[in-house]
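J.: Compact mmCIF, C-alpha atoms, saved as coords_37.txt, coming up:
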```
# COMPACT_ATOMS: atom_id res chain seq x y z
CA MET A 1 -7.62 -22.18 -18.80
CA SER A 2 -7.66 -23.07 -15.12
CA LEU A 3 -4.31 -21.66 -14.07
CA PHE A 4 -5.10 -19.37 -11.21
CA PHE A 5 -5.71 -20.58 -7.71
CA ALA A 6 -4.61 -19.27 -4.30
CA GLY A 7 -4.06 -22.13 -1.88
CA ARG A 8 -4.80 -22.30 1.84
CA GLU A 9 -2.43 -22.58 4.76
CA LYS A 10 -3.25 -24.90 7.66
CA ARG A 11 -3.35 -22.88 10.87
CA ALA A 12 -3.44 -23.90 14.50
CA VAL A 13 -7.01 -24.19 15.74
CA PHE A 14 -7.97 -21.73 18.48
CA THR A 15 -11.26 -21.24 20.27
CA GLU A 16 -12.13 -18.27 18.07
CA PRO A 17 -12.37 -19.27 14.39
CA GLU A 18 -9.50 -17.96 12.33
CA ILE A 19 -9.63 -17.10 8.65
CA PRO A 20 -7.23 -19.52 6.88
CA ARG A 21 -4.30 -17.96 5.10
CA PRO A 22 -3.10 -18.86 1.62
CA SER A 23 -0.97 -21.95 1.27
CA ALA A 24 2.79 -22.02 1.63
CA ALA A 25 2.97 -24.64 -1.12
CA ARG A 26 5.57 -24.31 -3.86
CA SER A 27 5.14 -21.25 -6.07
CA THR A 28 4.44 -21.94 -9.72
CA PHE A 29 2.39 -20.10 -12.27
CA ALA A 30 -0.54 -22.25 -11.14
CA ARG A 31 -0.21 -21.69 -7.38
CA ILE A 32 0.78 -18.42 -5.72
CA ASN A 33 2.17 -18.35 -2.20
CA LEU A 34 0.58 -15.52 -0.20
CA ALA A 35 1.31 -17.01 3.21
CA ARG A 36 3.65 -14.14 4.06
CA ALA A 37 2.35 -10.59 4.11
CA GLU A 38 5.15 -9.35 1.87
CA SER A 39 4.33 -11.86 -0.89
CA SER A 40 1.39 -9.79 -2.10
CA LEU A 41 3.78 -6.87 -2.75
CA GLN A 42 5.06 -8.76 -5.80
CA LYS A 43 1.94 -7.40 -7.48
CA VAL A 44 2.99 -3.89 -8.52
CA ALA A 45 -0.49 -2.42 -7.99
CA VAL A 46 -0.56 -3.69 -4.39
CA TRP A 47 2.93 -2.32 -3.76
CA ALA A 48 2.04 1.07 -5.28
CA ALA A 49 -1.21 1.47 -3.33
CA VAL A 50 0.26 0.31 -0.01
CA ASP A 51 3.43 2.35 -0.40
CA VAL A 52 1.69 5.61 -1.29
CA ILE A 53 -0.63 5.37 1.74
CA ALA A 54 2.06 4.19 4.19
CA SER A 55 4.58 6.76 2.94
CA LEU A 56 2.19 9.70 3.22
CA VAL A 57 0.89 8.72 6.66
CA SER A 58 4.47 8.31 7.90
CA THR A 59 5.85 11.55 6.42
CA LEU A 60 3.06 14.12 6.80
CA PRO A 61 3.72 16.56 9.69
CA LEU A 62 2.21 15.25 12.93
CA ASP A 63 1.94 17.62 15.90
CA VAL A 64 0.67 17.54 19.50
CA TYR A 65 -1.80 20.13 20.82
CA ARG A 66 -3.78 21.06 23.89
CA GLY A 67 -7.00 23.05 23.75
CA VAL A 68 -9.04 24.32 20.81
CA GLY A 69 -9.74 27.66 19.20
CA LYS A 70 -7.89 30.56 20.81
CA ALA A 71 -6.73 28.27 23.63
CA ARG A 72 -5.07 25.86 21.22
CA LYS A 73 -1.37 25.48 21.94
CA GLU A 74 1.24 23.33 20.20
CA LEU A 75 3.29 21.16 22.58
CA ASP A 76 6.57 19.33 22.41
CA LYS A 77 6.25 15.76 21.19
CA PRO A 78 6.66 13.05 23.84
CA LYS A 79 9.17 10.25 23.38
CA VAL A 80 6.56 7.88 21.94
CA MET A 81 6.06 10.31 19.02
CA VAL A 82 9.77 10.90 18.44
CA ASP A 83 11.15 7.35 18.44
CA PRO A 84 8.28 4.95 19.28
CA ALA A 85 10.36 1.76 19.08
CA GLY A 86 13.36 3.25 20.89
CA ASP A 87 15.67 1.81 18.21
CA GLY A 88 16.90 5.08 16.76
CA TYR A 89 14.96 4.82 13.49
CA GLY A 90 12.44 7.47 14.51
CA LEU A 91 8.76 8.13 13.99
CA ASP A 92 8.63 7.85 10.17
CA ASP A 93 10.11 4.36 10.17
CA TRP A 94 7.78 3.14 12.93
CA VAL A 95 4.61 4.58 11.38
CA TYR A 96 5.48 3.01 8.00
CA GLN A 97 5.75 -0.42 9.67
CA TYR A 98 2.52 0.23 11.57
CA MET A 99 0.69 1.09 8.34
CA LEU A 100 2.21 -1.80 6.37
CA SER A 101 0.82 -4.29 8.88
CA LEU A 102 -2.64 -2.71 8.84
CA LEU A 103 -2.82 -2.47 5.05
CA LEU A 104 -1.68 -6.03 4.39
CA ARG A 105 -2.97 -7.99 7.40
CA GLY A 106 -5.54 -5.66 8.95
CA ASN A 107 -3.76 -5.80 12.32
CA THR A 108 -0.68 -4.28 13.94
CA TYR A 109 0.90 -5.93 16.98
CA GLY A 110 3.59 -4.88 19.41
CA THR A 111 4.78 -5.05 22.99
CA VAL A 112 4.90 -2.09 25.35
CA GLY A 113 8.53 -1.69 26.36
CA ASP A 114 8.15 1.24 28.74
CA ARG A 115 5.42 3.42 30.25
CA ASP A 116 5.33 6.87 31.82
CA ARG A 117 4.17 7.54 35.38
CA LEU A 118 0.55 7.79 34.15
CA GLY A 119 0.73 4.40 32.46
CA ASN A 120 0.89 5.74 28.90
CA PRO A 121 3.22 3.84 26.54
CA LYS A 122 6.61 5.45 25.95
CA GLN A 123 7.92 2.64 23.75
CA VAL A 124 6.18 0.11 21.49
CA VAL A 125 8.18 -2.55 19.64
CA LEU A 126 6.26 -3.97 16.68
CA TYR A 127 5.96 -7.64 15.68
CA HIS A 128 5.79 -9.03 12.18
CA PRO A 129 2.01 -9.56 11.74
CA ASP A 130 2.42 -13.17 10.58
CA GLU A 131 4.18 -14.14 13.82
CA VAL A 132 1.24 -13.28 16.10
CA GLN A 133 -1.92 -15.26 16.87
CA GLY A 134 -4.75 -13.88 18.96
CA TRP A 135 -8.04 -15.34 20.24
CA ARG A 136 -10.42 -14.99 23.17
CA ASP A 137 -10.51 -17.42 26.08
CA PRO A 138 -13.81 -19.35 25.84
CA LYS A 139 -14.49 -19.04 29.58
CA SER A 140 -13.31 -15.58 30.54
CA GLY A 141 -13.53 -13.93 27.14
CA GLU A 142 -10.14 -12.30 27.78
CA PRO A 143 -7.71 -11.90 24.84
CA GLN A 144 -4.97 -14.52 24.57
CA TRP A 145 -1.81 -13.86 22.57
CA ARG A 146 1.12 -15.79 21.15
CA ALA A 147 4.04 -14.18 19.31
CA GLY A 148 6.84 -16.18 17.74
CA GLY A 149 5.43 -19.31 19.38
CA LYS A 150 5.57 -17.81 22.90
CA LYS A 151 2.69 -16.64 25.06
CA VAL A 152 2.51 -12.89 25.62
CA PRO A 153 0.58 -11.45 28.60
CA ALA A 154 -2.44 -9.41 27.53
CA ASP A 155 -1.26 -6.33 29.44
CA GLU A 156 2.02 -6.34 27.48
CA MET A 157 0.44 -6.81 24.03
CA TRP A 158 -0.29 -3.67 22.00
CA HIS A 159 -2.88 -4.32 19.27
CA ARG A 160 -4.56 -2.05 16.72
CA ARG A 161 -6.88 -3.32 13.99
CA ALA A 162 -8.51 -2.16 10.79
CA TYR A 163 -11.61 -3.67 9.16
CA PRO A 164 -13.07 -4.89 12.51
CA VAL A 165 -15.82 -7.51 12.57
CA PRO A 166 -18.34 -7.94 15.42
CA GLY A 167 -17.45 -10.81 17.72
CA ARG A 168 -13.87 -11.17 16.46
CA LEU A 169 -10.70 -10.11 18.19
CA LEU A 170 -8.71 -9.58 15.00
CA GLY A 171 -9.44 -7.32 12.06
CA LEU A 172 -9.88 -8.68 8.55
CA SER A 173 -6.86 -9.01 6.29
CA PRO A 174 -7.17 -7.44 2.81
CA VAL A 175 -4.61 -9.89 1.38
CA GLU A 176 -6.45 -12.92 2.76
CA HIS A 177 -9.83 -11.78 1.52
CA HIS A 178 -8.59 -10.75 -1.91
CA ALA A 179 -6.14 -13.61 -2.39
CA MET A 180 -7.85 -14.75 -5.59
CA THR A 181 -7.58 -11.33 -7.23
CA ILE A 182 -3.97 -10.78 -6.17
CA GLY A 183 -3.06 -14.38 -7.02
CA LEU A 184 -4.65 -14.03 -10.46
CA GLY A 185 -2.48 -11.02 -11.27
CA LEU A 186 0.70 -12.68 -10.02
CA ALA A 187 -0.12 -15.92 -11.83
CA ALA A 188 -0.72 -14.11 -15.12
CA SER A 189 2.65 -12.34 -14.87
CA ARG A 190 4.45 -15.52 -13.89
CA PHE A 191 2.82 -17.59 -16.62
CA GLY A 192 3.76 -14.98 -19.23
CA MET A 193 7.37 -15.10 -18.08
CA GLN A 194 7.52 -18.90 -18.05
CA TRP A 195 5.90 -18.99 -21.50
CA PHE A 196 9.17 -17.73 -22.91
CA GLU A 197 11.72 -18.92 -20.35
CA ASP A 198 10.58 -22.55 -20.17
CA GLY A 199 9.49 -22.96 -23.77
CA ALA A 200 5.81 -23.28 -22.99
CA HIS A 201 5.06 -23.28 -26.72
CA PRO A 202 6.89 -24.62 -29.82
CA SER A 203 8.61 -22.01 -32.00
CA GLY A 204 7.29 -23.60 -35.18
CA MET A 205 6.26 -26.74 -37.03
CA LEU A 206 8.40 -28.77 -39.51
CA THR A 207 6.05 -30.89 -41.62
CA ASN A 208 6.23 -33.35 -44.51
CA ASP A 209 3.48 -34.85 -46.65
CA ALA A 210 5.05 -38.29 -46.32
CA ALA A 211 4.44 -40.53 -43.33
CA LEU A 212 7.42 -40.62 -40.93
CA ASP A 213 8.21 -42.98 -38.12
CA ALA A 214 9.58 -41.74 -34.80
CA GLY A 215 13.23 -42.26 -35.83
CA GLN A 216 12.87 -40.37 -39.09
CA ALA A 217 11.06 -37.51 -37.40
CA ARG A 218 13.78 -37.25 -34.73
CA THR A 219 16.56 -37.28 -37.36
CA ALA A 220 14.81 -34.59 -39.42
CA LYS A 221 14.38 -32.41 -36.34
CA GLU A 222 18.03 -32.79 -35.27
CA ARG A 223 19.34 -31.95 -38.75
CA PHE A 224 17.03 -28.97 -39.06
CA MET A 225 18.06 -27.60 -35.63
CA ALA A 226 21.74 -28.16 -36.42
CA SER A 227 21.40 -26.04 -39.53
CA LEU A 228 19.89 -23.18 -37.49
CA ARG A 229 22.36 -23.04 -34.59
CA GLY A 230 25.14 -20.48 -34.99
CA SER A 231 24.07 -19.58 -38.51
CA ARG A 232 21.95 -16.86 -40.03
CA GLU A 233 22.07 -18.39 -43.50
CA PRO A 234 18.82 -19.51 -45.16
CA VAL A 235 17.69 -23.09 -44.65
CA VAL A 236 17.21 -25.26 -47.72
CA LEU A 237 14.55 -27.91 -47.31
CA GLY A 238 14.21 -31.05 -49.41
CA GLN A 239 11.20 -32.29 -51.28
CA GLY A 240 7.93 -32.20 -49.33
CA TRP A 241 9.26 -30.35 -46.26
CA LYS A 242 7.59 -27.19 -44.97
CA TRP A 243 8.51 -24.92 -42.03
CA ALA A 244 5.75 -22.82 -40.41
CA PRO A 245 6.79 -20.56 -37.50
CA ILE A 246 4.27 -20.21 -34.68
CA SER A 247 3.87 -16.63 -33.50
CA VAL A 248 1.91 -15.60 -30.43
CA SER A 249 0.98 -11.99 -29.78
CA ALA A 250 2.39 -10.40 -26.64
CA ASN A 251 -1.17 -9.66 -25.52
CA GLU A 252 -2.03 -13.38 -25.56
CA SER A 253 1.25 -14.78 -24.27
CA GLN A 254 1.56 -12.43 -21.31
CA PHE A 255 -2.17 -12.08 -20.47
CA LEU A 256 -1.91 -8.30 -20.66
CA GLU A 257 -5.67 -7.78 -20.47
CA THR A 258 -5.83 -9.95 -17.35
CA GLN A 259 -2.92 -8.04 -15.82
CA ARG A 260 -4.54 -4.67 -16.53
CA TYR A 261 -7.81 -5.82 -14.99
CA THR A 262 -6.22 -7.29 -11.84
CA SER A 263 -3.98 -4.24 -11.38
CA ALA A 264 -7.00 -1.96 -11.22
CA GLU A 265 -8.81 -4.39 -8.91
CA CYS A 266 -5.81 -4.72 -6.57
CA ALA A 267 -5.45 -0.94 -6.34
CA ARG A 268 -9.19 -0.61 -5.66
CA ILE A 269 -8.76 -2.73 -2.51
CA TYR A 270 -7.25 0.36 -0.86
CA GLY A 271 -9.81 2.94 -1.95
CA PRO A 272 -12.42 3.53 -4.64
CA GLY A 273 -10.32 6.17 -6.40
CA MET A 274 -6.92 4.51 -5.98
CA PRO A 275 -6.71 2.95 -9.51
CA GLU A 276 -7.27 6.35 -11.12
CA ILE A 277 -4.86 8.05 -8.71
CA LEU A 278 -2.15 5.52 -9.64
CA GLY A 279 -2.94 5.79 -13.35
CA TYR A 280 -4.47 2.35 -13.96
CA ASP A 281 -6.94 1.95 -16.80
CA THR A 282 -10.40 1.20 -15.41
CA GLY A 283 -12.44 1.85 -18.51
CA GLY A 284 -14.12 4.83 -16.87
CA SER A 285 -14.09 8.50 -17.76
CA MET A 286 -12.57 9.83 -14.54
CA THR A 287 -9.85 12.40 -15.25
CA TYR A 288 -7.83 14.89 -13.24
CA ALA A 289 -7.80 18.56 -14.16
CA ASN A 290 -4.67 19.35 -12.15
CA VAL A 291 -2.30 18.08 -9.48
CA GLU A 292 -4.24 19.86 -6.73
CA GLN A 293 -7.44 17.97 -7.60
CA ARG A 294 -5.52 14.68 -7.68
CA SER A 295 -4.14 15.33 -4.19
CA LEU A 296 -7.63 16.16 -2.93
CA ASP A 297 -9.03 12.92 -4.36
CA LEU A 298 -6.19 10.96 -2.77
CA LEU A 299 -6.95 12.54 0.61
CA THR A 300 -10.72 12.06 0.26
CA TYR A 301 -10.94 8.53 -1.10
CA ALA A 302 -7.89 6.74 0.26
CA LEU A 303 -5.83 8.59 2.84
CA ASP A 304 -7.96 10.52 5.33
CA ARG A 305 -9.42 7.48 7.11
CA TRP A 306 -5.87 6.26 7.86
CA LEU A 307 -4.81 9.69 9.08
CA VAL A 308 -7.79 9.77 11.46
CA ARG A 309 -6.99 6.26 12.76
CA THR A 310 -3.36 7.20 13.36
CA GLU A 311 -4.27 10.47 15.08
CA ARG A 312 -6.60 8.62 17.45
CA MET A 313 -4.00 5.92 18.06
CA PHE A 314 -1.35 8.45 19.13
CA THR A 315 -3.90 10.53 21.07
CA GLY A 316 -4.62 7.42 23.12
CA MET A 317 -0.95 7.35 24.15
CA LEU A 318 -0.89 10.99 25.29
CA PRO A 319 -1.86 12.47 28.68
CA GLU A 320 -5.49 13.48 29.01
CA GLY A 321 -6.27 16.79 27.32
CA GLN A 322 -3.58 16.41 24.66
CA TYR A 323 -4.20 15.22 21.11
CA ALA A 324 -2.28 14.45 17.92
CA LYS A 325 -3.17 16.15 14.65
CA TYR A 326 -1.84 15.81 11.09
CA ASN A 327 -1.21 18.87 8.97
CA ARG A 328 -3.29 17.85 5.95
CA SER A 329 -2.55 21.06 4.08
CA ALA A 330 0.99 19.78 3.56
CA LEU A 331 -0.48 17.25 1.11
CA ALA A 332 -1.84 19.96 -1.17
CA ARG A 333 0.39 20.66 -4.14
CA THR A 334 -0.60 23.64 -6.26
CA ASP A 335 1.03 25.64 -9.03
CA LEU A 336 2.88 28.84 -8.11
CA LEU A 337 0.16 31.25 -9.27
CA THR A 338 -2.64 29.43 -7.41
CA ARG A 339 -0.56 29.25 -4.23
CA PHE A 340 0.30 32.96 -4.29
CA ARG A 341 -3.33 33.88 -4.92
CA ALA A 342 -4.32 31.83 -1.87
CA HIS A 343 -1.69 33.63 0.21
CA ALA A 344 -2.94 37.02 -1.00
CA ILE A 345 -6.53 36.19 -0.01
CA ALA A 346 -5.38 34.97 3.41
CA LEU A 347 -3.32 38.13 4.03
CA GLN A 348 -6.05 40.43 2.79
CA ASN A 349 -8.62 38.84 5.09
CA ARG A 350 -6.14 38.66 7.98
CA TRP A 351 -6.20 34.86 8.24
CA GLU A 352 -2.41 34.83 8.08
CA VAL A 353 0.48 37.17 8.67
CA VAL A 354 3.44 37.67 6.36
CA ASN A 355 5.82 35.53 8.40
CA GLU A 356 3.39 32.60 8.32
CA VAL A 357 3.29 32.82 4.56
CA ARG A 358 7.08 33.10 4.34
CA ASP A 359 7.44 30.04 6.56
CA LEU A 360 5.18 28.03 4.24
CA GLU A 361 7.36 29.11 1.32
CA ASP A 362 10.59 28.20 3.16
CA MET A 363 11.65 31.82 3.47
CA ALA A 364 13.22 33.55 6.47
CA PRO A 365 10.94 35.75 8.63
CA VAL A 366 11.11 39.54 8.50
CA ASP A 367 10.95 41.95 11.43
CA TRP A 368 7.64 43.47 10.39
CA GLY A 369 5.99 40.20 9.38
CA ASP A 370 4.19 39.27 12.61
CA LYS A 371 1.52 41.98 12.42
CA PRO A 372 -1.69 41.46 10.45
CA ASN A 373 -2.13 43.51 7.32
CA GLU A 374 -4.30 46.57 7.66
CA LEU A 375 -7.69 45.99 6.14
CA PRO A 376 -7.94 47.79 2.80
CA ALA A 377 -10.50 50.51 2.27
CA PRO A 378 -13.75 49.12 0.86
CA THR A 379 -14.12 49.44 -2.87
CA ILE A 380 -17.34 50.52 -4.52
CA LYS A 381 -18.20 49.02 -7.87
CA ILE A 382 -20.29 51.24 -10.11
CA SER A 383 -22.29 49.29 -12.61
CA ASP A 384 -22.78 50.56 -16.11
```
Would it be possible to restate this file's structure as structure tokens?

T.:
Amino acid sequence: MSLFFAGREKRAVFTEPEIPRPSAARSTFARINLARAESSLQKVAVWAAVDVIASLVSTLPLDVYRGVGKARKELDKPKVMVDPAGDGYGLDDWVYQYMLSLLLRGNTYGTVGDRDRLGNPKQVVLYHPDEVQGWRDPKSGEPQWRAGGKKVPADEMWHRRAYPVPGRLLGLSPVEHHAMTIGLGLAASRFGMQWFEDGAHPSGMLTNDAALDAGQARTAKERFMASLRGSREPVVLGQGWKWAPISVSANESQFLETQRYTSAECARIYGPGMPEILGYDTGGSMTYANVEQRSLDLLTYALDRWLVRTERMFTGMLPEGQYAKYNRSALARTDLLTRFRAHAIALQNRWEVVNEVRDLEDMAPVDWGDKPNELPAPTIKISD
């Protein structure tokens, strides 16, 4: 059944070829509108994958340092890492918007509102990604920008991209390039809903062995329906009449197999292990032994590349010699016994002091907790 198509949106023609976006035509079960970035979030798998990545990148501890090794020193965060937009919503809110644009459209755009004396941005106000067009001037090769229909000078535009392609100014958009997969999932859900809401199938068949003209058939139908409305009493049919209800399984009417398949595919857009991390059935044998392993797989397969990109993005806004670094250990979630064993090993080998451990466990420091533990006397094992 040819129900699932993602249309195309006509875009203004610039010197650099642009990838056409899905059509803004009316949304029915046969045509899905993905012209706006948020439209793809109607697919639960897309929402889940995007939200888990954007939420973690925006909430993991992010610090500023200078130096490495023994010379490494943590510094106070500059304004651009406290409230990047200057609107009072803070770093978490800004980073979530930054990630949402990258994950859905492959590009994040903004304008630099203020700079420090060294020229580093102190404030970046983000645009909705669908309101910005960018291309290169055919003569000079310099970037040209329009936002909300107005030209923006190149030195005021702040642009970061994911999925870069040689020779193109803009990064690729996951939603644009997987519109068919996302549209298929949305269309299957919408068609299943309309199957019941709009009466996409008859509830049954009322038949008679005798030949009936249109008037007789209409009269029989009206009388039969009248006997059903507002009554739970049995229906008595005359000679030759038969009633056969038509039942359709939920699996067929709601395209559950199609929805399961597209959910796994949509989640896989954002990492090879994302379907399993989110619990979607992929037909494979991949399992998770514990929560710690699941967190490690999330970091390895889906999250770390975005953390590295964000660290480098903020490092580029800092004075020379300073760098931003995420605390990835905050992602690890272990059971109590495993965590305490790890602390014991760290204390025994003098990697940590007691107050560092107490801080990780949200406990107040103690006066004697800043000195390393004395190394224990070596133990000698005597074999049998």

J.: Would you mind listing what lies within 8 Å of Tyr301 of chain A as a PyMOL selection string, with all atoms listed in the file counted and same-chain residues fewer than 6 positions away left out?

T.: chain A and resi 271-274

J.: Do you know which residues are at most 10 Å from segment 111-120 of chain A counting all atoms listed in the file, after dropping those on the same chain fewer than 5 positions away, and could you put them as a PyMOL selection string?

T.: chain A and resi 79-80+84-86+125-127+147+152-159+316-320

J.: So that I have them on file, write out the residues from the current selection with C-alpha atoms, as a CSV table (one decimal), in the coordinates of the input.

T.:
```csv
chain,number,residue,atom,x,y,z
A,79,LYS,CA,9.2,10.2,23.4
A,80,VAL,CA,6.6,7.9,21.9
A,84,PRO,CA,8.3,5.0,19.3
A,85,ALA,CA,10.4,1.8,19.1
A,86,GLY,CA,13.4,3.2,20.9
A,125,VAL,CA,8.2,-2.6,19.6
A,126,LEU,CA,6.3,-4.0,16.7
A,127,TYR,CA,6.0,-7.6,15.7
A,147,ALA,CA,4.0,-14.2,19.3
A,152,VAL,CA,2.5,-12.9,25.6
A,153,PRO,CA,0.6,-11.4,28.6
A,154,ALA,CA,-2.4,-9.4,27.5
A,155,ASP,CA,-1.3,-6.3,29.4
A,156,GLU,CA,2.0,-6.3,27.5
A,157,MET,CA,0.4,-6.8,24.0
A,158,TRP,CA,-0.3,-3.7,22.0
A,159,HIS,CA,-2.9,-4.3,19.3
A,316,GLY,CA,-4.6,7.4,23.1
A,317,MET,CA,-1.0,7.4,24.2
A,318,LEU,CA,-0.9,11.0,25.3
A,319,PRO,CA,-1.9,12.5,28.7
A,320,GLU,CA,-5.5,13.5,29.0
```

J.: At what distance in Å, to one decimal, does atom CA of Lys242 of chain A lie from atom CA of Ala211 of chain A?

T.: 13.8 Å

J.: Find the residues around Asp51 of chain A up to 12 Å (only C-alpha atoms counted), leave out those fewer than 3 positions away in its own chain, and share them as a PyMOL selection string.

T.: chain A and resi 41+44-48+54-59+96-97+99-101+103-104+267+270+274+278+303

J.: Pick out the residues sitting within 7 Å of Arg350 of chain A, and hand them over as a list in words; count all atoms listed in the file, and ignore anything fewer than 4 positions along from it in its own chain.

T.: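 Close residues of Arg350 of chain A: Ala346, Pro372 and Asn373 of chain A.
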
J.: From the options A:Arg328, A:Lys371, A:Arg358, A:Lys151, which residue's atoms come nearest to Leu60 of chain A, counting all atoms listed in the file?

T.: A:Arg328

J.: When you count all atoms listed in the file, which of these residues is closest to Gly106 of chain A: A:Gly215, A:Gly321, A:Gly240, A:Pro129?

T.: A:Pro129

J.: Between atom CA of Pro138 of chain A and atom CA of Pro164 of chain A, what is the distance, to one decimal in Å?

T.: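 Computing it gives 19.7 Å between the two atoms.
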
J.: One decimal, Å: what's the distance from atom CA of Phe314 of chain A over to atom CA of Asn107 of chain A, could you say?

T.: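 Going from atom CA of Phe314 of chain A over to atom CA of Asn107 of chain A covers 16.0 Å.
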
J.: Would you list the contacts of Arg105 of chain A as a VMD selection string, taking every protein, DNA or RNA residue within 10 Å and counting all atoms listed in the file, but skipping same-chain residues closer than 6 positions in sequence?

T.: chain A and resid 36 to 38 99 129 to 130 161 to 163 170 to 177

J.: From the list A:Lys221, A:Lys77, A:Lys325, A:Arg341, which residue is nearest Val308 of chain A when using all atoms listed in the file?

T.: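 Checking each candidate against Val308 of chain A, we get A:Lys325 as the closest.
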
J.: Given the choices A:Ala264, A:Ala330, A:Val68, A:Met313, which gets closest to Leu299 of chain A if the distance is worked out from all atoms listed in the file?

T.: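 That would be A:Ala330, the residue with the smallest distance to Leu299 of chain A.
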